[in-house]
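Have a look at start-v6.txt; it's compact mmCIF, C-alpha atoms:
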# COMPACT_ATOMS: atom_id res chain seq x y z
CA MET A 1 18.42 -3.29 -0.10
CA ASN A 2 16.17 -5.65 1.82
CA PHE A 3 12.85 -5.67 -0.05
CA GLN A 4 11.38 -8.37 2.18
CA GLU A 5 12.18 -6.41 5.32
CA GLY A 6 10.78 -3.26 3.73
CA GLU A 7 11.77 -0.63 1.17
CA PHE A 8 10.17 2.32 -0.62
CA ILE A 9 10.34 2.63 -4.41
CA TYR A 10 9.38 5.88 -6.09
CA ILE A 11 7.84 5.48 -9.55
CA ASN A 12 6.73 8.06 -12.10
CA LYS A 13 3.53 6.31 -13.17
CA PRO A 14 3.07 6.36 -16.94
CA TYR A 15 0.02 7.66 -18.79
CA ARG A 16 -2.84 5.18 -19.34
CA MET A 17 -1.56 2.66 -16.79
CA SER A 18 -3.42 2.01 -13.55
CA SER A 19 -1.62 2.34 -10.22
CA PHE A 20 -2.17 -1.39 -9.71
CA GLY A 21 -0.68 -2.08 -13.13
CA ALA A 22 2.49 -0.16 -12.20
CA LEU A 23 2.64 -2.02 -8.88
CA ALA A 24 2.21 -5.41 -10.60
CA TYR A 25 5.01 -4.60 -13.08
CA VAL A 26 7.43 -3.82 -10.25
CA ARG A 27 6.31 -6.67 -7.99
CA THR A 28 6.79 -9.27 -10.75
CA ARG A 29 10.38 -8.20 -11.30
CA LEU A 30 11.16 -7.92 -7.59
CA SER A 31 9.72 -11.37 -6.91
CA LYS A 32 11.81 -12.84 -9.70
CA ALA A 33 14.98 -11.15 -8.42
CA LEU A 34 14.31 -12.46 -4.90
CA HIS A 35 13.28 -15.92 -6.12
CA VAL A 36 10.00 -15.72 -4.21
CA LYS A 37 6.52 -16.47 -5.51
CA ARG A 38 4.98 -13.13 -4.55
CA LEU A 39 6.65 -10.32 -2.65
CA LYS A 40 4.36 -8.37 -0.32
CA THR A 41 3.84 -4.95 -1.91
CA GLY A 42 1.41 -2.04 -1.88
CA HIS A 43 1.10 1.54 -3.11
CA ALA A 44 0.25 4.79 -1.36
CA GLY A 45 -2.31 7.03 -3.03
CA THR A 46 -4.00 5.81 -6.21
CA LEU A 47 -3.50 7.77 -9.43
CA ASP A 48 -6.07 7.71 -12.24
CA PRO A 49 -4.93 5.83 -15.38
CA LEU A 50 -4.90 9.13 -17.31
CA ALA A 51 -2.68 10.77 -14.67
CA THR A 52 1.09 10.53 -14.38
CA GLY A 53 3.53 11.23 -11.59
CA VAL A 54 4.65 10.23 -8.12
CA LEU A 55 3.56 6.76 -7.01
CA ILE A 56 5.16 5.41 -3.84
CA LEU A 57 5.46 1.62 -3.77
CA CYS A 58 6.09 -0.13 -0.46
CA THR A 59 7.52 -3.62 0.04
CA GLY A 60 7.55 -6.03 2.96
CA LYS A 61 7.03 -4.42 6.36
CA ALA A 62 7.07 -0.95 4.78
CA THR A 63 3.49 -1.63 3.63
CA LYS A 64 2.47 -0.77 7.21
CA ARG A 65 3.36 2.83 6.36
CA ILE A 66 0.87 3.11 3.49
CA GLU A 67 -1.88 4.74 5.54
CA SER A 68 0.41 7.40 7.01
CA LEU A 69 1.87 8.14 3.55
CA GLN A 70 -1.64 8.67 2.17
CA LEU A 71 -2.21 11.37 4.79
CA ALA A 72 0.72 13.41 3.45
CA SER A 73 0.16 16.59 1.44
CA LYS A 74 0.26 16.37 -2.35
CA GLU A 75 1.03 18.64 -5.26
CA TYR A 76 -0.31 18.38 -8.80
CA THR A 77 -0.01 20.17 -12.10
CA ALA A 78 -3.12 20.07 -14.26
CA THR A 79 -4.36 21.41 -17.58
CA LEU A 80 -8.07 22.23 -17.96
CA GLN A 81 -10.09 22.72 -21.12
CA LEU A 82 -12.72 25.39 -20.57
CA GLY A 83 -16.01 25.56 -22.47
CA ALA A 84 -16.98 21.90 -22.26
CA THR A 85 -17.58 19.00 -19.87
CA THR A 86 -17.29 15.21 -19.98
CA PRO A 87 -19.01 12.62 -17.74
CA SER A 88 -15.69 11.59 -16.15
CA TYR A 89 -14.34 15.18 -15.91
CA ASP A 90 -11.33 14.14 -18.02
CA ARG A 91 -10.55 12.68 -21.48
CA GLU A 92 -11.69 9.15 -20.61
CA HIS A 93 -15.10 10.15 -22.01
CA THR A 94 -16.05 12.45 -24.88
CA VAL A 95 -17.58 15.90 -24.50
CA ASN A 96 -21.24 15.85 -23.46
CA MET A 97 -21.93 19.59 -23.06
CA THR A 98 -20.43 22.83 -24.37
CA TYR A 99 -20.64 26.32 -22.87
CA PRO A 100 -19.82 29.94 -23.81
CA THR A 101 -16.35 31.23 -22.93
CA ARG A 102 -16.28 34.82 -24.23
CA HIS A 103 -16.56 36.16 -20.68
CA ILE A 104 -13.47 34.27 -19.45
CA THR A 105 -10.45 36.43 -18.60
CA ARG A 106 -7.21 35.79 -16.71
CA GLU A 107 -8.46 38.09 -13.95
CA LEU A 108 -11.73 36.14 -13.59
CA ILE A 109 -9.82 32.85 -13.43
CA LYS A 110 -7.47 34.10 -10.69
CA LYS A 111 -10.36 35.45 -8.64
CA THR A 112 -12.26 32.16 -9.04
CA LEU A 113 -9.27 30.00 -8.11
CA ALA A 114 -8.79 31.97 -4.89
CA SER A 115 -12.28 30.94 -3.76
CA PHE A 116 -11.21 27.27 -3.65
CA VAL A 117 -8.31 27.75 -1.24
CA GLY A 118 -8.89 26.48 2.32
CA ASP A 119 -11.40 24.00 3.71
CA ILE A 120 -14.07 23.19 1.12
CA MET A 121 -16.62 20.45 0.39
CA GLN A 122 -16.11 18.33 -2.72
CA VAL A 123 -18.22 15.67 -4.41
CA PRO A 124 -16.02 12.82 -5.76
CA PRO A 125 -16.30 11.92 -9.45
CA ILE A 126 -18.88 9.29 -10.41
CA TYR A 127 -16.06 7.54 -12.29
CA SER A 128 -13.85 6.97 -9.23
CA ALA A 129 -12.87 4.20 -6.82
CA VAL A 130 -15.17 5.52 -4.08
CA MET A 131 -17.11 2.68 -2.43
CA VAL A 132 -20.93 2.77 -2.74
CA ASP A 133 -22.77 -0.03 -0.92
CA GLY A 134 -19.76 -2.30 -1.31
CA HIS A 135 -19.20 -1.48 -4.99
CA ARG A 136 -16.77 0.86 -6.73
CA ALA A 137 -18.55 3.94 -8.07
CA TYR A 138 -16.87 3.67 -11.49
CA LYS A 139 -18.09 0.10 -11.93
CA LEU A 140 -21.67 1.15 -11.13
CA ALA A 141 -21.37 4.11 -13.51
CA ARG A 142 -20.11 1.91 -16.36
CA GLN A 143 -23.09 -0.37 -15.77
CA GLY A 144 -25.40 2.64 -16.09
CA ASN A 145 -26.14 2.78 -12.35
CA GLU A 146 -24.90 6.25 -11.51
CA THR A 147 -25.25 7.01 -7.81
CA GLU A 148 -25.30 10.46 -6.22
CA LEU A 149 -22.13 10.69 -4.16
CA LYS A 150 -21.93 12.72 -0.98
CA ALA A 151 -19.70 15.77 -0.62
CA LYS A 152 -16.63 15.31 1.58
CA PRO A 153 -14.47 17.90 3.34
CA ILE A 154 -11.06 18.50 1.74
CA HIS A 155 -8.33 21.10 2.14
CA ILE A 156 -6.64 23.07 -0.63
CA ASP A 157 -3.41 24.75 0.51
CA GLU A 158 -2.70 26.64 -2.67
CA ILE A 159 -3.80 27.02 -6.30
CA GLU A 160 -1.60 28.88 -8.76
CA LEU A 161 -2.53 29.75 -12.34
CA THR A 162 0.59 28.89 -14.35
CA ASP A 163 -0.76 29.45 -17.87
CA PHE A 164 -3.88 30.63 -19.72
CA ASN A 165 -4.41 30.66 -23.47
CA PRO A 166 -7.47 32.76 -24.41
CA ASP A 167 -7.40 31.38 -27.98
CA THR A 168 -7.69 27.71 -27.03
CA MET A 169 -9.37 28.35 -23.66
CA GLN A 170 -6.92 26.07 -21.92
CA MET A 171 -5.53 26.88 -18.48
CA SER A 172 -2.84 25.22 -16.40
CA ILE A 173 -2.70 25.20 -12.61
CA ARG A 174 -0.50 23.98 -9.77
CA VAL A 175 -2.43 22.63 -6.80
CA SER A 176 -1.15 21.84 -3.30
CA CYS A 177 -3.73 19.90 -1.31
CA GLY A 178 -4.51 17.37 1.39
CA LYS A 179 -5.79 13.80 1.45
CA GLY A 180 -8.91 12.85 -0.50
CA THR A 181 -8.78 15.67 -3.06
CA TYR A 182 -9.91 14.77 -6.57
CA ILE A 183 -8.35 17.13 -9.11
CA ARG A 184 -10.95 15.99 -11.67
CA SER A 185 -13.70 17.20 -9.33
CA LEU A 186 -11.76 20.41 -8.76
CA ALA A 187 -11.69 20.94 -12.54
CA ARG A 188 -15.46 20.36 -12.69
CA ASP A 189 -16.09 22.81 -9.85
CA ILE A 190 -13.78 25.47 -11.30
CA GLY A 191 -15.62 25.17 -14.60
CA GLU A 192 -18.98 25.59 -12.86
CA ALA A 193 -17.73 28.61 -10.92
CA LEU A 194 -16.47 30.20 -14.15
CA GLY A 195 -19.78 29.49 -15.88
CA SER A 196 -17.98 27.75 -18.72
CA GLY A 197 -17.63 24.09 -17.76
CA ALA A 198 -14.21 22.42 -17.69
CA PHE A 199 -12.51 19.05 -17.87
CA LEU A 200 -8.95 17.79 -17.38
CA THR A 201 -6.73 17.23 -20.38
CA ALA A 202 -3.56 16.47 -18.37
CA LEU A 203 -2.74 15.66 -14.74
CA CYS A 204 0.56 14.95 -13.01
CA ARG A 205 1.24 14.39 -9.31
CA THR A 206 4.52 16.22 -8.80
CA ARG A 207 4.86 15.60 -5.06
CA LEU A 208 3.59 13.20 -2.38
CA GLY A 209 4.85 14.14 1.07
CA ASP A 210 8.60 14.76 0.70
CA VAL A 211 8.89 12.70 -2.50
CA ARG A 212 9.09 14.76 -5.68
CA ILE A 213 8.79 13.64 -9.28
CA GLU A 214 12.52 14.28 -9.72
CA ASP A 215 13.13 11.46 -7.21
CA CYS A 216 11.14 8.92 -9.23
CA LEU A 217 12.11 6.14 -11.61
CA THR A 218 10.29 5.46 -14.84
CA LEU A 219 9.10 1.90 -15.37
CA ASP A 220 11.45 1.69 -18.36
CA ASP A 221 14.39 2.48 -16.08
CA PHE A 222 13.30 0.18 -13.24
CA PRO A 223 14.81 -3.13 -14.51
CA GLN A 224 18.26 -1.56 -14.94
CA TRP A 225 17.97 0.18 -11.54
CA LEU A 226 17.07 -3.15 -9.92
CA GLU A 227 20.10 -4.86 -11.47
CA GLN A 228 22.36 -2.26 -9.85
CA GLN A 229 21.03 -2.83 -6.32
CA GLU A 230 22.73 -4.99 -3.73
CA ILE A 231 19.82 -7.20 -2.64
CA GLU A 232 19.72 -8.81 0.80
CA LYS A 233 17.65 -11.95 1.16
CA ASN A 234 16.01 -13.16 4.36
Let's see the structure in the file written out as structure tokens.
Amino acid sequence: MNFQEGEFIYINKPYRMSSFGALAYVRTRLSKALHVKRLKTGHAGTLDPLATGVLILCTGKATKRIESLQLASKEYTATLQLGATTPSYDREHTVNMTYPTRHITRELIKKTLASFVGDIMQVPPIYSAVMVDGHRAYKLARQGNETELKAKPIHIDEIELTDFNPDTMQMSIRVSCGKGTYIRSLARDIGEALGSGAFLTALCRTRLGDVRIEDCLTLDDFPQWLEQQEIEKN
């Protein structure tokens, strides 16, 4: 493999690690193996720290492909807790509001999910990397300067209800979608449409373009994988 010329590395990003953190872990070990100070690297499509799944890392000249990779369709599996909301729409923050759930049925959920398929408008989460006047929205939010973000057009190809537990009011979905979709915002909007509130308790990107989670290395496996590669040096 010629990492300086350009290669793609598929990583299953671990829970509670940032996408940049996963990239830095890999880059440090690649740079050491190549005996260079800092190998040119980048990643396609940021995952939240609380999300897991497919993260495509690009090295060398392959970093020029990042933008085109980000345009590729994506698939996620997600678990939502109904009956409550959090400021970040996931478990990064604690519950700030609770709502009734007695009216929630599997049939209502399926009907509601169908309304999100196609071209829709979506407001990104306040706690996200969206730029606002040159600043990241999540940094402004953590400083107490929450800004009203504008809705953006996104496309949802498919939403499938894979599980619903009426006792715990947790539901699991599989989502196939296009660029710019925030699954946390989708959880918020589904909760609003159901009249029960909702937030994410688990999120995994299972596919990015043609790369599936089955194709990915864990960070624990990466050092051994790297040792087994025949590395070309420029």
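Restricting the calculation to all atoms listed in the file, the smallest distance between Lys111 of chain A and any of A:Leu149, A:Val54, A:Val175, A:Ile159 is found for A:Ile159.
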For this session: Might you pull out every residue within 10 Å of Phe222 of chain A, with all atoms listed in the file counted and same-chain residues fewer than 2 positions away left off, and present them as a VMD selection string?
Result: chain A and resid 9 to 11 25 to 26 29 216 to 220 224 to 228
Output C-alpha atoms for every residue in the selection just made, as a compact mmCIF listing (two decimals), keeping the file's coordinate frame.
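What ended up in out05.txt:
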# COMPACT_ATOMS: atom_id res chain seq x y z
CA ILE A 9 10.34 2.63 -4.41
CA TYR A 10 9.38 5.88 -6.09
CA ILE A 11 7.84 5.48 -9.55
CA TYR A 25 5.01 -4.60 -13.08
CA VAL A 26 7.43 -3.82 -10.25
CA ARG A 29 10.38 -8.20 -11.30
CA CYS A 216 11.14 8.92 -9.23
CA LEU A 217 12.11 6.14 -11.61
CA THR A 218 10.29 5.46 -14.84
CA LEU A 219 9.10 1.90 -15.37
CA ASP A 220 11.45 1.69 -18.36
CA GLN A 224 18.26 -1.56 -14.94
CA TRP A 225 17.97 0.18 -11.54
CA LEU A 226 17.07 -3.15 -9.92
CA GLU A 227 20.10 -4.86 -11.47
CA GLN A 228 22.36 -2.26 -9.85
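Comparing the minimum interatomic distances between Lys179 of chain A and each of A:Pro49, A:Pro125, A:Gly195, A:Pro153, counting only C-alpha atoms, we find that A:Pro153 sits nearest.
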Counting all atoms listed in the file, which residues of segment 138-218 of chain A fall within 10 Å of segment 14-20 of chain A, and what is the closest atom pair for each with its distance in Å at one decimal, ordered by chain and rising number, as a Markdown table?
| residue | atom | partner | partner_atom | distance |
| --- | --- | --- | --- | --- |
| A:Ala202 | CA | A:Tyr15 | CA | 9.5 |
| A:Leu203 | CA | A:Tyr15 | CA | 9.4 |
| A:Cys204 | CA | A:Tyr15 | CA | 9.3 |
| A:Thr218 | CA | A:Pro14 | CA | 7.6 |
Problem set entry | Best match for closeness to Glu107 of chain A among A:Ala44, A:Leu161, A:Ala78, A:Ala24, counting all atoms listed in the file | A:Leu161
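Distance-wise, atom CA of Ile109 of chain A and atom CA of Ala84 of chain A end up 15.8 Å apart.
Distances to Ala151 of chain A were evaluated for A:Gln122, A:Gln4, A:Thr28, A:Thr112 using only C-alpha atoms, and the minimum falls at A:Gln122.
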Problem set entry | Selected residue of minimal separation from His155 of chain A among A:Lys64, A:Arg174, A:Lys74, A:Lys37, counting all atoms listed in the file |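 Using all atoms listed in the file, the shortest distance to His155 of chain A belongs to A:Lys74.
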Exercise. Which is closest to Gly60 of chain A among A:Met1, A:Met121, A:Met169, A:Leu200, if we use all atoms listed in the file?
Worked result: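 Closest to Gly60 of chain A, using all atoms listed in the file: A:Met1.
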Exercise. Which polymer residues have any atom within 7 Å of an atom of Met171 of chain A, counting all atoms listed in the file, with same-chain residues fewer than 4 positions away left out, as a ChimeraX atom specification?
Worked result: /A:79-81,163-165
